[in-house]
Amino acid sequence: MNHTESPTTSNQQPATSNTRTATILSMKKILGHVLWAAIAIAAAFFLAGIAIDRGEPVNSFWLVLAAVCTYLVGFRFYAKFIAVKVMALDDQRATPAERLRDGLDFEPTNKWIVFGHHFAAIAGPGPLVGPTLAAQFGYLPGALWIVIGCVLGGAVQDFVILFCSMRRDGKSLGQMARQEIGKVGGFTALITVLLIMIVLLAVVALVVVNALKGSPWGTFTIAATMPIALFMGIYLRYLRPGKVLECSIIGFVLVIASIFGGQMVADSPSLAPWFTLSATALAVATIIYGFLASVLPVWLFLAPRDYLSTFVKLGVVLMLGLGIILVHPTLELPAFTRFTDGSGPIFAGKVFPFAFITIACGAVSGFHSLISSGTTPKMIAREWTSWPVGYGAMLLEGFVAIMALIAACSLQPGVFFAVNSPAGVVGNTPAAAVSTISSWGFPVSTAQMDSLASDVGEKNLFYRTGGAPSLALGMAHIFAKTGGGRAILGFWYHFAIMFEALFILTIIAAGTRVGRFMLQDLFGHVFPPLRRTNWMPGVMVASAAIVAAWGYFLYQGVRDPLGGINSLWPLFGIGNQLLAAIALCVATTILIKMHRARYMWITGIPLAWLVTVCFTAGWEKIFSDQPRLGFLAEAARLQTALDAGKIAAAQIATTRGQIFNDHLDAVVCGIFMVLVLLILADSLRIWFSILSGSREAKVDEAPFVLSELRPEEL
Amino acid sequence: MRTFLRTVLAIIREISDENAYRRHLRYHDRKHSADEWRRFSDQRFARKYARAKCC
């Protein structure tokens, strides 16, 4: 009996066990569905919470939760849909990191390490400064664009370009544009990148100059980072070779010491004048810095500075996140301000399209496509890792942008506009400025501004356009509320300024160097010795040329009575978004060639949006009849005043310079648009020829090779 | 927690190029020395700073 029962029982046990396992699995699945439904409902609820104006201040936690829940839903559903249906990611397929492993660039790496590396590479000053400037429209336009633009546009671009590069042996965006669209596409991408870089370097340099002008504390702190970087370079090369972490920790301690040193300098009647510089003097110093950084050996200056600024940047982002969670400040700016009509003091232009080009990094940034087709695809071990790395890292960058927006919007609106408005708009004296700003419905007084300036160790906080000082003020208030209070507000303010200036100046150093390489490569076709990147005359000439190019725009910004940001930031935003349009053209072309035309809307919708936004903004910047907005209208207004003899004799040369600059800005904006039109037309030609069957849809992917990578190798 | 901290440290080492240097030593079967670091870093920096940094 037992014998006969035994097999029956043993058969029943696995059956029961299988049923139980199936029940547990289905319960887990149901719970998973319930959880995701709850997150989706929460996302909608919190988004509605920030969007519905109840006439009372909104706590920043609503914004944090709206962003987190939307990003989670976007990551889990939209990105996974793209990964499965559109890209058909395959972990069995060997990636370039495995196939081309060389122990240097190509190396299969743990997914979290690649994630951290990729995030450190894409996070720059853009997601901090852009949202701060766009806060002139109120918190809502920027917040919605950062949340929705990131999920449907920016993260999609980064993810798809990373995938395309990964399937093409880690090719760069320019190489893919040349391969998939044609020579015109490749050349257009190269020229666009060079032009955008020139405008980018000028505008970020202007942000630093405006933050440091008349500030001995800030100027000393930043000046001190130069010898610190040189010391780190020598330490790493000769004293303790290879000890990068140790060297960075020493550098960080020295930089913190320099903040305290800066306070002593600012308090010293004999030393303070040495470090109290005008905007013009700071601009000249920044230009000399850029030239030296491009010419000096990279190990001596740029590399140690880069290590230091990357760690400081990641640390501050983490601190800001924790600070916002602990303090969860109230958003003092309204959901919409009166400046949605285009009359904003920080930059001219209506909420559409200017909110969408002011915030580029943090929502959609063309520069990310250069990183996604740079180092990262060479480190990815499994194709599915591109999901958290390509899409996920961009969501995190979007979250950084949300934090910057919160920091800026947590300031009193009157203070926010007093710091960010140029003298040309609000008046040349503090009394005139507070009167103008208060008349807009944002009350502020000179006593309030003086007290705030005194708290942060500055003489004056008016006319500090560029976003960095107001962001630093917002961050300092958040950090100070976590401990220390007003007593250490000055330290936190200068810590934030140091952090912003440190990595902006690193971008200037690295960007000037890259621009120099591009120029040497471009003109090396005409004069071959130029191609040798270690040929000193070529290095000097190319460095001087690239520095002169961005230095000119910087000087123009410094001299601009409207603060420079009004003309340069929109130019940079248009350029950066148009680079994203080029990347999305390449991505859409590849999707069509992969026979995924039915999914081309995934990259096609953000592409159409960006083209609409950038061309509307570009057209308005060139042709608007409002002088504050249109470059040509401003040039015509100045020319009319000049012809009518309304300009004082001492101002005639300056006015002629402004007229020339307005024409130059219009030409640069026009070139951006024409270049992108070229690549768009070329792409459309290819799409229609493939879709109509007159051209073969040939995919230029690397052939399939079965992965032999073992988990322990990661 | 230990795994988390180990991962964070590994990310920091990757950003600081220390991991890449270890891989370089392992791949070429070499030992650490001042000259070896200089050779590695010259190669590494030449490639790293030929690419644009993100804004």
# chains A, B, ... in the order shown; residues from 1 in each chain; ligands from 1
$ closest_atom_pairs --of "chain A" --to "chain B" --cutoff "6 Å" --atoms "only C-alpha atoms" --output "Markdown table"
| residue | atom | partner | partner_atom | distance |
| --- | --- | --- | --- | --- |
| A:Gly103 | CA | B:His24 | CA | 5.3 |
| A:Ile113 | CA | B:Ile11 | CA | 4.7 |
| A:Gly116 | CA | B:Ile11 | CA | 5.8 |
| A:His117 | CA | B:Ile15 | CA | 5.8 |
| A:Ile122 | CA | B:Cys54 | CA | 5.3 |
| A:Gly124 | CA | B:Cys55 | CA | 4.6 |
| A:Pro125 | CA | B:Cys55 | CA | 5.8 |
| A:Gly126 | CA | B:Cys55 | CA | 5.3 |
| A:Pro241 | CA | B:Ala34 | CA | 5.4 |
| A:Gly242 | CA | B:Trp37 | CA | 5.8 |
| A:Val244 | CA | B:Ser16 | CA | 5.9 |
| A:Phe367 | CA | B:Cys54 | CA | 5.7 |
| A:Gly511 | CA | B:Ala52 | CA | 5.9 |
| A:Val514 | CA | B:Ala50 | CA | 5.4 |
$ write_last_selection --atoms "C-alpha atoms" --output "compact mmCIF listing (two decimals), in the first residue's frame"
# COMPACT_ATOMS: atom_id res chain seq x y z
CA GLY A 103 41.99 47.12 -21.10
CA ILE A 113 29.76 51.66 -11.98
CA GLY A 116 27.82 56.42 -11.84
CA HIS A 117 30.44 57.13 -14.48
CA ILE A 122 26.42 64.15 -18.19
CA GLY A 124 27.16 69.79 -15.72
CA PRO A 125 26.09 73.31 -14.81
CA GLY A 126 23.23 73.29 -17.35
CA PRO A 241 51.67 58.51 -8.77
CA GLY A 242 48.32 56.81 -9.26
CA VAL A 244 43.97 59.87 -7.44
CA PHE A 367 25.36 67.41 -25.51
CA GLY A 511 36.05 72.70 -23.88
CA VAL A 514 38.51 70.06 -27.41
$ residues_around --residues "range 143-160 of chain A" --least-positions-apart "2" --cutoff "8 Å" --atoms "only C-alpha atoms" --output "number ranges by chain"
A: 63, 67, 70-71, 74-75, 79, 139-141, 162-164, 356, 359, 362-365, 368-369, 372, 386-387, 389-395, 398, 401-402, 405, 580, 583-584, 587, 602-603, 606
$ atom_distance --atom1 "CA of Leu568 in chain A" --atom2 "CA of Val676 in chain A"
19.1 Å
$ select_by_dssp --residues "range 3-182 of chain A" --states "helix (DSSP H, G or I)" --output "VMD selection string"
chain A and resid 3 to 51 60 to 86 96 to 99 111 to 122 126 to 137 139 to 166 173 to 180
$ closest_residue --among "A:Gly32, A:Pro561, A:Pro443, A:Pro703" --to "Asp169 in chain A" --atoms "only C-alpha atoms"
A:Pro703
$ atom_distance --atom1 "CA of Ala51 in chain A" --atom2 "CA of Phe352 in chain A"
17.0 Å
$ atom_distance --atom1 "CA of Glu98 in chain A" --atom2 "CA of Gly374 in chain A"
16.2 Å
$ closest_residue --among "A:Ser248, A:Ile82, A:Ser421, A:Trp299" --to "Arg39 in chain B" --atoms "only C-alpha atoms"
A:Trp299
$ residues_around --residues "Cys669 in chain A" --least-positions-apart "4" --cutoff "12 Å" --atoms "only C-alpha atoms" --output "number ranges by chain"
A: 192, 195-196, 199, 567-576, 578, 614-623, 630-632, 662-665, 673-676
$ write_last_selection --atoms "N, CA and C atoms" --output "compact mmCIF listing (two decimals), in the first residue's frame"
# COMPACT_ATOMS: atom_id res chain seq x y z
N THR A 192 28.26 72.10 -36.11
CA THR A 192 27.29 72.50 -35.08
C THR A 192 27.91 72.36 -33.69
N LEU A 195 30.40 75.19 -33.06
CA LEU A 195 29.73 76.48 -32.81
C LEU A 195 29.04 76.52 -31.45
N ILE A 196 28.37 75.42 -31.13
CA ILE A 196 27.67 75.38 -29.84
C ILE A 196 28.68 75.49 -28.72
N VAL A 199 29.69 79.08 -28.11
CA VAL A 199 28.65 79.83 -27.39
C VAL A 199 28.53 79.33 -25.95
N SER A 567 20.91 87.64 -24.30
CA SER A 567 21.17 87.25 -25.69
C SER A 567 21.90 85.91 -25.77
N LEU A 568 22.83 85.64 -24.83
CA LEU A 568 23.68 84.45 -24.99
C LEU A 568 23.02 83.15 -24.54
N TRP A 569 22.25 83.19 -23.43
CA TRP A 569 21.67 81.92 -22.97
C TRP A 569 20.68 81.35 -23.99
N PRO A 570 19.76 82.19 -24.56
CA PRO A 570 18.88 81.63 -25.60
C PRO A 570 19.67 81.07 -26.80
N LEU A 571 20.76 81.74 -27.17
CA LEU A 571 21.58 81.22 -28.29
C LEU A 571 22.12 79.84 -27.95
N PHE A 572 22.64 79.72 -26.72
CA PHE A 572 23.17 78.43 -26.29
C PHE A 572 22.06 77.37 -26.25
N GLY A 573 20.89 77.78 -25.69
CA GLY A 573 19.76 76.84 -25.60
C GLY A 573 19.33 76.36 -26.97
N ILE A 574 19.22 77.29 -27.91
CA ILE A 574 18.81 76.92 -29.28
C ILE A 574 19.84 75.96 -29.87
N GLY A 575 21.12 76.29 -29.71
CA GLY A 575 22.18 75.43 -30.25
C GLY A 575 22.16 74.04 -29.64
N ASN A 576 22.02 73.98 -28.32
CA ASN A 576 22.03 72.68 -27.63
C ASN A 576 20.82 71.83 -28.05
N LEU A 578 19.19 72.12 -30.82
CA LEU A 578 19.32 71.73 -32.22
C LEU A 578 20.29 70.56 -32.36
N CYS A 614 12.76 75.22 -31.38
CA CYS A 614 14.02 75.92 -31.72
C CYS A 614 13.83 76.87 -32.90
N PHE A 615 13.05 76.46 -33.88
CA PHE A 615 12.87 77.34 -35.03
C PHE A 615 11.99 78.54 -34.68
N THR A 616 11.00 78.33 -33.79
CA THR A 616 10.19 79.47 -33.34
C THR A 616 11.07 80.44 -32.56
N ALA A 617 11.86 79.88 -31.62
CA ALA A 617 12.72 80.73 -30.79
C ALA A 617 13.78 81.42 -31.66
N GLY A 618 14.39 80.66 -32.57
CA GLY A 618 15.42 81.22 -33.44
C GLY A 618 14.87 82.35 -34.30
N TRP A 619 13.67 82.09 -34.86
CA TRP A 619 13.03 83.11 -35.72
C TRP A 619 12.76 84.38 -34.92
N GLU A 620 12.22 84.19 -33.70
CA GLU A 620 11.92 85.37 -32.86
C GLU A 620 13.19 86.10 -32.45
N LYS A 621 14.24 85.33 -32.13
CA LYS A 621 15.50 85.99 -31.73
C LYS A 621 16.08 86.80 -32.88
N ILE A 622 15.86 86.36 -34.10
CA ILE A 622 16.43 87.12 -35.23
C ILE A 622 15.46 88.22 -35.67
N PHE A 623 14.19 87.87 -35.87
CA PHE A 623 13.30 88.78 -36.60
C PHE A 623 12.22 89.49 -35.75
N GLY A 630 14.40 90.67 -30.40
CA GLY A 630 14.98 90.43 -31.72
C GLY A 630 16.33 91.12 -31.89
N PHE A 631 17.31 90.34 -32.34
CA PHE A 631 18.65 90.92 -32.54
C PHE A 631 18.62 92.05 -33.57
N LEU A 632 17.91 91.82 -34.69
CA LEU A 632 17.91 92.81 -35.76
C LEU A 632 17.13 94.07 -35.35
N ASP A 662 24.85 92.52 -32.24
CA ASP A 662 23.48 92.07 -32.54
C ASP A 662 23.42 91.37 -33.90
N HIS A 663 24.12 91.95 -34.88
CA HIS A 663 24.16 91.31 -36.21
C HIS A 663 24.87 89.97 -36.14
N LEU A 664 25.97 89.93 -35.36
CA LEU A 664 26.73 88.68 -35.22
C LEU A 664 25.86 87.59 -34.58
N ASP A 665 25.16 87.95 -33.50
CA ASP A 665 24.29 86.97 -32.82
C ASP A 665 23.21 86.47 -33.77
N MET A 673 20.31 77.35 -37.40
CA MET A 673 19.05 76.90 -38.02
C MET A 673 19.29 76.30 -39.40
N VAL A 674 20.16 76.94 -40.18
CA VAL A 674 20.42 76.43 -41.54
C VAL A 674 21.10 75.06 -41.46
N LEU A 675 22.07 74.92 -40.54
CA LEU A 675 22.77 73.64 -40.42
C LEU A 675 21.79 72.52 -40.08
N VAL A 676 20.88 72.82 -39.15
CA VAL A 676 19.94 71.77 -38.75
C VAL A 676 18.91 71.52 -39.86
